Amino acid sequence: MIQVEGSLKARLAVWLVVTVSALGVLLLVEAYFSSQRAAERAYDSQLEAAALTIAEAVQWEAGQPVVEIPSAALQILATRHQERVFYAVLDAEGDTISGNLDMAIPPRWRHQVATQPAWFNETYRGTPWRLYGRELDSAGWETQDPVQIWVGHTMSGRDALTEALFEQAVTRFVIMVLVAGILMLLAMRVALAPMRRLRHQLRQRDADDMRPLEARVPEEMREMAETLDSLFTRQRESRDALLRFTADASHQLKTPLAGLQTTSELALKSENPEAWRQALADVHGSAGRTSRLAGQLLSLARLRHAEEQGTATRLDAVSLLRETAFDWAQRDAAQGHDIGLAALPEAPQYICGEAWALQELLGNLIDNALRYTPPGSVITLGAVCHAQTLEWYVEDDGPGVSAEVMARLHRPFERGGRQDTEGSGLGLAIVDSIVRRHEARMQVESAEKGGLRIRLLFPCLTRHEEG
Amino acid sequence: MSIRRVALVWLLGALAPSLAWGATPLIVEAALDRQVAAPLLDAFEAAYPNIQLTFRDHSTLEVDARVANEDNPPDVVISSAMPWQMARVNEGYAQPLESPAARAWPQWAKWRNEVFGFTFEPIVMAYRLDLARYMLPPKTHADLHTLLRRHRETLRGKVTTYSPLRSGVGYSLFQQDARYTTRFWDLVAAMGAADTHLEANTRSMLEGLSDGRYWLGYNLLGSYAMHWAQTHPEVIVQIPQDYSLVMMRMAFIHRDAPHPAAARAFLDFLLSQEGQRVIAGETPLFSVRPGVIGPYTAQRLRDQAGDRLYPIPLNASLLAFVDPARRAAFLERWQREFHRLSHPAPAQTPAATEPRIDKSSQR
């Protein structure tokens, strides 16, 4: 039974989504940090410009640095985003010359700025700030002390710019994914077109069309197409076999029926009651054979029907063999032959099987042996234990068959090249079917004494299965 | 679900003032004359009957001091001392107002959506009718300088202006004046020479004019002066014809406002069509909002005074005015210039100053 498990498109889509998501997360994380860096660079240069503007306004008056804070510097500092701004101008001792910064600049920072301008991030009263400090060496007439200029602002502009840049990156990414997705769908349509063609072709096929496929398929689908072809071949063969069987069966039934008709017609034309009686006896014998033939056909058809599952049980193969041999040895048909048992294993050997089918199997083999060997022949049944298997064999010391016929023996209506018997040719075919049902193997070989030896190898039940 | 909840919260917020069981108090600290603002306050009280408005009128520097009062912060702060207001907002004393009116407010009249310039008040000269009997009243800054120089003795003690030390508005105006031209310092020197009286507020100057103590006032708030002139016909208001500064009264919600919902309602009202209509129609504060019709609108003032209006920019550059070093330097120079002619410094030769004045006045 074919089970539908998702679709190829869904599979491809899931893989696409998973890989794109993983890749996307990485890309977006990278994009976020690069946006942040870009925004930082843009706004840091504003801080730098503001500090420079303030530095321009520093002058020395009577040995003291004096600064008239330029309005422009504050506006540069505030930026377009109207940041809160603060600034401080410190003298060499770190005392404020002027400024609106009520936070003291740590000495560590002042030392750092003394060597080169530096940026700092600081959270003050719950608000994150960006600070920039630079030192200015300005020359006065009396003193030449350095002056430090500190400027800072809040970060909403940076955040907004980061957000805007990040949004752009996300937009670009989403568009890319959408375009890639659409292209992927198109590609899938193109790639799956051969499958559609194949499906179409299969759907339009007639039920009894068993010819090989004539489809152009890509490399990846070659195996499937070949499998389909071989399936068709096997179906064709099995159908041919069925037709042949039916034809043969009809033929086999037709011959005795035609004999019946002839016999009865002759009897009807005769006025002699003796002739009537003889005809009636012939009719009786013929009807019995025909009935047996029909029974065999029926059981063969039943066995070949794969769907019909029997009720297999655990049974002792040795005792079954023994009982069946005794049963047959007592029958009238066997009186001309010597049916005997070889040495059997002492302990019971268990296999899994259906008793009636196995009896039928043995019966057919014995019956065959009786029919195809001259009277007085010895028929021997035996059982042998192997490591994994249990072997039954039936051998006779009759004339045997040639090697080429041996291969065809299990086919229905095959009589081993002999027309001199009353057999229908169905016996070994039935045996073959039963053997298959039991997952066993049948080997046909020549016996040591010149007759035919048929070996049946059944899988043993393991101890575990026995329990 | 969440949208519905947000909507519900919004609705409750909007209804809260009217649903409140008792009246919500609202404390407004303002450097805004109660008489001038009365129609606006009445309109607010009519619109929000459940808000108990307490309106405290102080000088600009007092208002500024109360902002930093940690124990008893006000809800809304209004002041005409723009640099101080800006400094407080920059220090983080304001909270943003998120409302359609705030968002729609002109960009040039707000900062960070936290502080809003809601009036548009020209800075004017005012004179007493008596002045016209002796001289042609001044129309420009140059006219004023000429008058002070030519009629120094007549005008001695009869001129008044803001004290930059005691008034935040006055200081800001002089700073802005000094930004435009260095000749402003000649004007200061001339005013000093005429023994100009320095007042802390426009009201005192207007009272002096009506009393007859003063004949001429410089850098008065146009809003107060025009309001005064309506009932005092002896006072004439003159918008300077060369350039006229425009001051915006700035309002913000205090960060620690005890009644933030009421404060938002109040500020929203100031910025609303209705509030601005009252400002334009019933107060001389001049409406900022475009599209408001009334005798006192920024648009109408622009039509009258044309390009000569110079609004003090409402941005971070204001912070430079309250820089301690810059303020100290400015006040020092103011003192120096104010006393230059009347009490010449020993280092300067008395004769050296005269020609400089003459020279500059002829320009």
# chains A, B, ... in the order shown; residues from 1 in each chain; ligands from 1
$ interface_residues --of "chain B" --to "chain A" --cutoff "9 Å" --atoms "only C-alpha atoms" --output "PyMOL selection string"
chain B and resi 87+89-92+111-112+315-327+329
$ write_last_selection --atoms "N, CA, C and O atoms" --output "PDB file, in the first residue's frame"
ATOM      1  N   ALA B  87      17.022  74.613  29.259  1.00  0.00           N
ATOM      2  CA  ALA B  87      18.023  73.963  30.107  1.00  0.00           C
ATOM      3  C   ALA B  87      17.361  72.897  30.980  1.00  0.00           C
ATOM      4  O   ALA B  87      17.886  71.797  31.163  1.00  0.00           O
ATOM      5  N   VAL B  89      14.572  71.274  30.372  1.00  0.00           N
ATOM      6  CA  VAL B  89      14.177  70.133  29.539  1.00  0.00           C
ATOM      7  C   VAL B  89      15.402  69.289  29.208  1.00  0.00           C
ATOM      8  O   VAL B  89      15.368  68.059  29.249  1.00  0.00           O
ATOM      9  N   ASN B  90      16.494  69.982  28.917  1.00  0.00           N
ATOM     10  CA  ASN B  90      17.731  69.265  28.592  1.00  0.00           C
ATOM     11  C   ASN B  90      18.229  68.452  29.781  1.00  0.00           C
ATOM     12  O   ASN B  90      18.828  67.400  29.626  1.00  0.00           O
ATOM     13  N   GLU B  91      17.959  68.977  30.973  1.00  0.00           N
ATOM     14  CA  GLU B  91      18.378  68.224  32.160  1.00  0.00           C
ATOM     15  C   GLU B  91      17.481  67.021  32.415  1.00  0.00           C
ATOM     16  O   GLU B  91      17.765  66.214  33.296  1.00  0.00           O
ATOM     17  N   GLY B  92      16.388  66.944  31.663  1.00  0.00           N
ATOM     18  CA  GLY B  92      15.521  65.773  31.806  1.00  0.00           C
ATOM     19  C   GLY B  92      14.347  65.993  32.729  1.00  0.00           C
ATOM     20  O   GLY B  92      13.774  65.041  33.234  1.00  0.00           O
ATOM     21  N   TRP B 111      10.404  71.128  20.981  1.00  0.00           N
ATOM     22  CA  TRP B 111      11.676  70.439  21.094  1.00  0.00           C
ATOM     23  C   TRP B 111      11.440  69.090  21.744  1.00  0.00           C
ATOM     24  O   TRP B 111      10.860  69.015  22.832  1.00  0.00           O
ATOM     25  N   ARG B 112      11.877  68.023  21.054  1.00  0.00           N
ATOM     26  CA  ARG B 112      11.784  66.656  21.578  1.00  0.00           C
ATOM     27  C   ARG B 112      10.368  66.229  21.938  1.00  0.00           C
ATOM     28  O   ARG B 112      10.180  65.297  22.705  1.00  0.00           O
ATOM     29  N   ASN B 315      15.634  75.936  20.032  1.00  0.00           N
ATOM     30  CA  ASN B 315      16.451  74.732  19.855  1.00  0.00           C
ATOM     31  C   ASN B 315      17.617  74.750  20.839  1.00  0.00           C
ATOM     32  O   ASN B 315      17.693  75.612  21.711  1.00  0.00           O
ATOM     33  N   ALA B 316      18.516  73.800  20.666  1.00  0.00           N
ATOM     34  CA  ALA B 316      19.587  73.608  21.651  1.00  0.00           C
ATOM     35  C   ALA B 316      20.514  74.814  21.753  1.00  0.00           C
ATOM     36  O   ALA B 316      21.223  74.974  22.751  1.00  0.00           O
ATOM     37  N   SER B 317      20.519  75.684  20.736  1.00  0.00           N
ATOM     38  CA  SER B 317      21.410  76.847  20.805  1.00  0.00           C
ATOM     39  C   SER B 317      21.037  77.774  21.967  1.00  0.00           C
ATOM     40  O   SER B 317      21.867  78.529  22.453  1.00  0.00           O
ATOM     41  N   LEU B 318      19.778  77.672  22.424  1.00  0.00           N
ATOM     42  CA  LEU B 318      19.357  78.480  23.587  1.00  0.00           C
ATOM     43  C   LEU B 318      20.206  78.155  24.819  1.00  0.00           C
ATOM     44  O   LEU B 318      20.393  78.999  25.703  1.00  0.00           O
ATOM     45  N   LEU B 319      20.691  76.930  24.872  1.00  0.00           N
ATOM     46  CA  LEU B 319      21.432  76.497  26.055  1.00  0.00           C
ATOM     47  C   LEU B 319      22.686  77.343  26.265  1.00  0.00           C
ATOM     48  O   LEU B 319      23.160  77.495  27.385  1.00  0.00           O
ATOM     49  N   ALA B 320      23.213  77.884  25.168  1.00  0.00           N
ATOM     50  CA  ALA B 320      24.428  78.697  25.291  1.00  0.00           C
ATOM     51  C   ALA B 320      24.166  79.928  26.153  1.00  0.00           C
ATOM     52  O   ALA B 320      25.062  80.428  26.832  1.00  0.00           O
ATOM     53  N   PHE B 321      22.909  80.423  26.142  1.00  0.00           N
ATOM     54  CA  PHE B 321      22.585  81.637  26.898  1.00  0.00           C
ATOM     55  C   PHE B 321      22.676  81.406  28.402  1.00  0.00           C
ATOM     56  O   PHE B 321      22.891  82.340  29.162  1.00  0.00           O
ATOM     57  N   VAL B 322      22.436  80.169  28.840  1.00  0.00           N
ATOM     58  CA  VAL B 322      22.493  79.908  30.278  1.00  0.00           C
ATOM     59  C   VAL B 322      23.812  79.260  30.685  1.00  0.00           C
ATOM     60  O   VAL B 322      23.958  78.821  31.820  1.00  0.00           O
ATOM     61  N   ASP B 323      24.730  79.217  29.751  1.00  0.00           N
ATOM     62  CA  ASP B 323      26.063  78.735  30.118  1.00  0.00           C
ATOM     63  C   ASP B 323      26.627  79.682  31.171  1.00  0.00           C
ATOM     64  O   ASP B 323      26.649  80.897  30.979  1.00  0.00           O
ATOM     65  N   PRO B 324      27.049  79.160  32.320  1.00  0.00           N
ATOM     66  CA  PRO B 324      27.448  80.062  33.425  1.00  0.00           C
ATOM     67  C   PRO B 324      28.553  81.027  33.020  1.00  0.00           C
ATOM     68  O   PRO B 324      28.479  82.232  33.340  1.00  0.00           O
ATOM     69  N   ALA B 325      29.542  80.532  32.300  1.00  0.00           N
ATOM     70  CA  ALA B 325      30.653  81.416  31.930  1.00  0.00           C
ATOM     71  C   ALA B 325      30.179  82.487  30.960  1.00  0.00           C
ATOM     72  O   ALA B 325      30.537  83.662  31.072  1.00  0.00           O
ATOM     73  N   ARG B 326      29.330  82.045  30.027  1.00  0.00           N
ATOM     74  CA  ARG B 326      28.869  82.996  29.027  1.00  0.00           C
ATOM     75  C   ARG B 326      27.952  84.036  29.671  1.00  0.00           C
ATOM     76  O   ARG B 326      28.017  85.219  29.350  1.00  0.00           O
ATOM     77  N   ARG B 327      27.121  83.580  30.594  1.00  0.00           N
ATOM     78  CA  ARG B 327      26.224  84.510  31.290  1.00  0.00           C
ATOM     79  C   ARG B 327      27.040  85.512  32.110  1.00  0.00           C
ATOM     80  O   ARG B 327      26.775  86.711  32.068  1.00  0.00           O
ATOM     81  N   ALA B 329      30.094  86.420  31.649  1.00  0.00           N
ATOM     82  CA  ALA B 329      30.795  87.331  30.747  1.00  0.00           C
ATOM     83  C   ALA B 329      29.851  88.383  30.185  1.00  0.00           C
ATOM     84  O   ALA B 329      30.185  89.574  30.091  1.00  0.00           O
TER      85      ALA B 329
END
$ residues_around --residues "Val63 of chain B" --least-positions-apart "2" --cutoff "8 Å" --atoms "only C-alpha atoms" --output "list in words"
Glu29, Ala30, Ala31, His58, Ser59, Thr60, Leu61, Ala65, Arg66, Val67, Val77, Ile78 and Ser79 of chain B
$ residues_around --residues "His151 of chain B" --least-positions-apart "3" --cutoff "12 Å" --atoms "only C-alpha atoms" --output "PyMOL selection string"
chain B and resi 131+134-137+143-148+154-159+190-191+193-194
$ write_last_selection --atoms "N, CA, C and O atoms" --output "PDB file, in the first residue's frame"
ATOM      1  N   LEU B 131       5.853 111.810  25.354  1.00  0.00           N
ATOM      2  CA  LEU B 131       7.120 111.781  24.632  1.00  0.00           C
ATOM      3  C   LEU B 131       6.980 112.468  23.280  1.00  0.00           C
ATOM      4  O   LEU B 131       7.883 113.199  22.844  1.00  0.00           O
ATOM      5  N   TYR B 134       7.827 116.107  22.726  1.00  0.00           N
ATOM      6  CA  TYR B 134       9.213 116.603  22.710  1.00  0.00           C
ATOM      7  C   TYR B 134      10.003 116.093  21.514  1.00  0.00           C
ATOM      8  O   TYR B 134      10.953 116.709  21.086  1.00  0.00           O
ATOM      9  N   MET B 135       9.645 114.941  21.048  1.00  0.00           N
ATOM     10  CA  MET B 135      10.464 114.328  20.002  1.00  0.00           C
ATOM     11  C   MET B 135       9.620 113.360  19.208  1.00  0.00           C
ATOM     12  O   MET B 135       8.556 112.949  19.647  1.00  0.00           O
ATOM     13  N   LEU B 136      10.154 112.982  18.023  1.00  0.00           N
ATOM     14  CA  LEU B 136       9.494 111.983  17.209  1.00  0.00           C
ATOM     15  C   LEU B 136       9.702 110.633  17.866  1.00  0.00           C
ATOM     16  O   LEU B 136      10.833 110.231  18.121  1.00  0.00           O
ATOM     17  N   PRO B 137       8.615 109.916  18.186  1.00  0.00           N
ATOM     18  CA  PRO B 137       8.792 108.625  18.875  1.00  0.00           C
ATOM     19  C   PRO B 137       9.611 107.660  18.019  1.00  0.00           C
ATOM     20  O   PRO B 137       9.536 107.714  16.792  1.00  0.00           O
ATOM     21  N   ASP B 143      16.632 104.530  15.811  1.00  0.00           N
ATOM     22  CA  ASP B 143      15.894 105.717  16.280  1.00  0.00           C
ATOM     23  C   ASP B 143      16.065 105.879  17.777  1.00  0.00           C
ATOM     24  O   ASP B 143      16.324 106.979  18.284  1.00  0.00           O
ATOM     25  N   LEU B 144      15.930 104.746  18.476  1.00  0.00           N
ATOM     26  CA  LEU B 144      16.016 104.779  19.934  1.00  0.00           C
ATOM     27  C   LEU B 144      17.394 105.260  20.366  1.00  0.00           C
ATOM     28  O   LEU B 144      17.516 106.123  21.255  1.00  0.00           O
ATOM     29  N   HIS B 145      18.402 104.739  19.699  1.00  0.00           N
ATOM     30  CA  HIS B 145      19.767 105.135  20.034  1.00  0.00           C
ATOM     31  C   HIS B 145      19.967 106.631  19.800  1.00  0.00           C
ATOM     32  O   HIS B 145      20.526 107.345  20.637  1.00  0.00           O
ATOM     33  N   THR B 146      19.478 107.114  18.688  1.00  0.00           N
ATOM     34  CA  THR B 146      19.600 108.534  18.351  1.00  0.00           C
ATOM     35  C   THR B 146      18.895 109.396  19.395  1.00  0.00           C
ATOM     36  O   THR B 146      19.435 110.410  19.871  1.00  0.00           O
ATOM     37  N   LEU B 147      17.665 108.998  19.754  1.00  0.00           N
ATOM     38  CA  LEU B 147      16.899 109.767  20.743  1.00  0.00           C
ATOM     39  C   LEU B 147      17.656 109.852  22.052  1.00  0.00           C
ATOM     40  O   LEU B 147      17.772 110.914  22.667  1.00  0.00           O
ATOM     41  N   LEU B 148      18.189 108.671  22.490  1.00  0.00           N
ATOM     42  CA  LEU B 148      18.885 108.629  23.770  1.00  0.00           C
ATOM     43  C   LEU B 148      20.102 109.541  23.740  1.00  0.00           C
ATOM     44  O   LEU B 148      20.455 110.177  24.727  1.00  0.00           O
ATOM     45  N   THR B 154      16.662 115.259  28.593  1.00  0.00           N
ATOM     46  CA  THR B 154      15.202 115.205  28.674  1.00  0.00           C
ATOM     47  C   THR B 154      14.734 113.852  29.166  1.00  0.00           C
ATOM     48  O   THR B 154      13.788 113.726  29.939  1.00  0.00           O
ATOM     49  N   LEU B 155      15.441 112.794  28.649  1.00  0.00           N
ATOM     50  CA  LEU B 155      15.000 111.436  28.942  1.00  0.00           C
ATOM     51  C   LEU B 155      15.623 110.870  30.208  1.00  0.00           C
ATOM     52  O   LEU B 155      15.316 109.758  30.612  1.00  0.00           O
ATOM     53  N   ARG B 156      16.518 111.645  30.834  1.00  0.00           N
ATOM     54  CA  ARG B 156      17.219 111.097  31.997  1.00  0.00           C
ATOM     55  C   ARG B 156      16.224 110.593  33.036  1.00  0.00           C
ATOM     56  O   ARG B 156      15.304 111.321  33.418  1.00  0.00           O
ATOM     57  N   GLY B 157      16.360 109.304  33.418  1.00  0.00           N
ATOM     58  CA  GLY B 157      15.480 108.704  34.429  1.00  0.00           C
ATOM     59  C   GLY B 157      14.098 108.343  33.908  1.00  0.00           C
ATOM     60  O   GLY B 157      13.273 107.828  34.641  1.00  0.00           O
ATOM     61  N   LYS B 158      13.806 108.660  32.637  1.00  0.00           N
ATOM     62  CA  LYS B 158      12.454 108.390  32.124  1.00  0.00           C
ATOM     63  C   LYS B 158      12.415 107.174  31.191  1.00  0.00           C
ATOM     64  O   LYS B 158      11.410 106.894  30.556  1.00  0.00           O
ATOM     65  N   VAL B 159      13.557 106.487  31.065  1.00  0.00           N
ATOM     66  CA  VAL B 159      13.611 105.305  30.188  1.00  0.00           C
ATOM     67  C   VAL B 159      13.679 104.063  31.079  1.00  0.00           C
ATOM     68  O   VAL B 159      14.263 104.089  32.156  1.00  0.00           O
ATOM     69  N   ALA B 190      24.222 103.988  25.846  1.00  0.00           N
ATOM     70  CA  ALA B 190      23.381 105.188  25.796  1.00  0.00           C
ATOM     71  C   ALA B 190      22.284 105.114  26.838  1.00  0.00           C
ATOM     72  O   ALA B 190      21.944 106.111  27.481  1.00  0.00           O
ATOM     73  N   MET B 191      21.728 103.901  27.026  1.00  0.00           N
ATOM     74  CA  MET B 191      20.694 103.747  28.044  1.00  0.00           C
ATOM     75  C   MET B 191      21.287 103.969  29.427  1.00  0.00           C
ATOM     76  O   MET B 191      20.689 104.601  30.292  1.00  0.00           O
ATOM     77  N   ALA B 193      23.810 105.865  30.115  1.00  0.00           N
ATOM     78  CA  ALA B 193      24.092 107.279  30.269  1.00  0.00           C
ATOM     79  C   ALA B 193      22.840 108.053  30.628  1.00  0.00           C
ATOM     80  O   ALA B 193      22.899 109.087  31.301  1.00  0.00           O
ATOM     81  N   ALA B 194      21.643 107.525  30.184  1.00  0.00           N
ATOM     82  CA  ALA B 194      20.387 108.227  30.469  1.00  0.00           C
ATOM     83  C   ALA B 194      19.770 107.740  31.775  1.00  0.00           C
ATOM     84  O   ALA B 194      18.576 107.960  32.013  1.00  0.00           O
TER      85      ALA B 194
END
$ residues_around --residues "Leu267 of chain B" --least-positions-apart "5" --cutoff "8 Å" --atoms "only C-alpha atoms" --output "ChimeraX atom specification"
/B:76,251-253
$ write_last_selection --atoms "all heavy atoms" --output "short mmCIF file (atom, residue, chain, number, x, y, z; two decimals), in the first residue's frame"
data_model
loop_
_atom_site.label_atom_id
_atom_site.label_comp_id
_atom_site.auth_asym_id
_atom_site.auth_seq_id
_atom_site.Cartn_x
_atom_site.Cartn_y
_atom_site.Cartn_z
N VAL B 76 2.67 71.33 35.48
CA VAL B 76 3.01 71.96 34.20
C VAL B 76 3.84 73.20 34.51
O VAL B 76 3.57 73.90 35.49
CB VAL B 76 1.75 72.36 33.42
CG1 VAL B 76 2.11 73.13 32.15
CG2 VAL B 76 0.95 71.12 33.05
N ALA B 251 6.04 75.66 27.38
CA ALA B 251 5.35 74.88 28.41
C ALA B 251 5.78 73.42 28.31
O ALA B 251 5.97 72.89 27.22
CB ALA B 251 3.84 74.97 28.20
N PHE B 252 6.00 72.82 29.47
CA PHE B 252 6.25 71.37 29.47
C PHE B 252 5.63 70.73 30.69
O PHE B 252 5.30 71.40 31.67
CB PHE B 252 7.76 71.07 29.38
CG PHE B 252 8.58 71.49 30.58
CD1 PHE B 252 8.72 70.65 31.68
CD2 PHE B 252 9.25 72.72 30.59
CE1 PHE B 252 9.49 71.03 32.77
CE2 PHE B 252 10.02 73.11 31.68
CZ PHE B 252 10.14 72.27 32.77
N ILE B 253 5.44 69.41 30.58
CA ILE B 253 4.91 68.63 31.70
C ILE B 253 6.09 68.17 32.53
O ILE B 253 7.06 67.63 31.99
CB ILE B 253 4.13 67.40 31.21
CG1 ILE B 253 2.98 67.85 30.30
CG2 ILE B 253 3.60 66.58 32.37
CD1 ILE B 253 2.32 66.72 29.57
#
$ atom_distance --atom1 "atom CA of Val36 of chain B" --atom2 "atom CA of His227 of chain B"
7.2 Å
$ atom_distance --atom1 "atom CA of Ser172 of chain B" --atom2 "atom CA of Pro83 of chain B"
7.0 Å
$ residues_around --residues "Leu161 of chain A" --least-positions-apart "2" --cutoff "9 Å" --atoms "only C-alpha atoms" --output "ChimeraX atom specification"
/A:35-36,38-40,156-159,163-166
$ select_by_dssp --residues "segment 124-263 of chain B" --states "strand (DSSP E or B)" --output "PyMOL selection string"
chain B and resi 124-128+159-162+197-199+216-221+235-238+244-247+250-254
$ write_last_selection --atoms "C-alpha atoms" --output "short mmCIF file (atom, residue, chain, number, x, y, z; two decimals), in the first residue's frame"
data_model
loop_
_atom_site.label_atom_id
_atom_site.label_comp_id
_atom_site.auth_asym_id
_atom_site.auth_seq_id
_atom_site.Cartn_x
_atom_site.Cartn_y
_atom_site.Cartn_z
CA VAL B 124 8.07 95.90 21.47
CA MET B 125 8.94 99.41 22.49
CA ALA B 126 6.32 101.39 24.34
CA TYR B 127 6.13 105.10 24.97
CA ARG B 128 3.97 107.60 26.76
CA VAL B 159 13.61 105.30 30.19
CA THR B 160 13.06 101.78 31.37
CA THR B 161 13.98 98.30 30.26
CA TYR B 162 14.52 94.83 31.67
CA HIS B 197 15.66 102.20 35.21
CA LEU B 198 16.00 98.45 35.13
CA GLU B 199 12.82 96.58 35.99
CA LEU B 216 9.91 105.24 27.08
CA GLY B 217 10.27 101.50 27.52
CA TYR B 218 12.48 99.14 25.56
CA ASN B 219 12.09 95.38 25.07
CA LEU B 220 8.67 94.98 26.62
CA LEU B 221 6.65 91.84 26.07
CA VAL B 235 0.61 104.19 26.42
CA ILE B 236 1.51 103.61 22.76
CA VAL B 237 2.97 100.27 21.67
CA GLN B 238 5.50 100.26 18.83
CA SER B 244 11.38 92.66 16.10
CA LEU B 245 12.29 89.72 18.31
CA VAL B 246 9.56 87.23 18.95
CA MET B 247 9.48 85.29 22.17
CA MET B 250 7.39 77.46 26.55
CA ALA B 251 5.35 74.88 28.41
CA PHE B 252 6.25 71.37 29.47
CA ILE B 253 4.91 68.63 31.70
CA HIS B 254 7.12 68.04 34.67
#
$ residues_around --residues "Ala257 of chain B" --least-positions-apart "4" --cutoff "12 Å" --atoms "only C-alpha atoms" --output "list in words"
Pro25, Leu26, Ile27, Val28, Glu29, Val67, Ala68, Asn69, Glu70, Asp71, Asn72, Pro73, Pro74, Asp75, Val76, Val77, Tyr93, Ala94, Gln95, Pro96, Phe252, Ile253, Ala261, Ala262, Ala263 and Arg264 of chain B
$ select_by_dssp --residues "segment 33-252 of chain A" --states "alpha helix (DSSP H)" --output "number ranges by chain"
A: 33-56, 71-78, 107-115, 156-204, 222-252
$ residues_around --residues "Ala200 of chain B" --least-positions-apart "5" --cutoff "7 Å" --atoms "only C-alpha atoms" --output "short mmCIF file (atom, residue, chain, number, x, y, z; two decimals) with all heavy atoms, in the first residue's frame"
data_model
loop_
_atom_site.label_atom_id
_atom_site.label_comp_id
_atom_site.auth_asym_id
_atom_site.auth_seq_id
_atom_site.Cartn_x
_atom_site.Cartn_y
_atom_site.Cartn_z
N TYR B 162 14.34 95.98 30.78
CA TYR B 162 14.52 94.83 31.67
C TYR B 162 15.87 94.88 32.36
O TYR B 162 16.85 95.36 31.79
CB TYR B 162 14.45 93.54 30.87
CG TYR B 162 13.09 92.89 30.81
CD1 TYR B 162 12.41 92.75 29.61
CD2 TYR B 162 12.50 92.39 31.97
CE1 TYR B 162 11.18 92.14 29.55
CE2 TYR B 162 11.27 91.78 31.92
CZ TYR B 162 10.61 91.65 30.72
OH TYR B 162 9.39 91.04 30.67
N SER B 163 15.93 94.34 33.56
CA SER B 163 17.21 94.09 34.20
C SER B 163 17.68 92.71 33.76
O SER B 163 17.00 91.72 34.01
CB SER B 163 17.05 94.10 35.72
OG SER B 163 18.10 93.37 36.31
N ARG B 166 17.99 90.41 36.92
CA ARG B 166 16.85 89.97 37.71
C ARG B 166 15.77 89.29 36.86
O ARG B 166 14.86 88.66 37.38
CB ARG B 166 16.23 91.16 38.46
CG ARG B 166 17.10 91.59 39.65
CD ARG B 166 16.42 92.68 40.43
NE ARG B 166 16.39 93.93 39.69
CZ ARG B 166 15.38 94.81 39.74
NH1 ARG B 166 14.33 94.55 40.50
NH2 ARG B 166 15.42 95.92 39.04
N SER B 167 15.83 89.47 35.56
CA SER B 167 14.81 88.87 34.73
C SER B 167 15.43 87.94 33.70
O SER B 167 16.35 88.32 32.97
CB SER B 167 14.02 89.96 34.00
OG SER B 167 13.33 89.38 32.91
#
$ atom_distance --atom1 "atom CA of Asp42 of chain B" --atom2 "atom CA of Pro100 of chain B"
23.1 Å
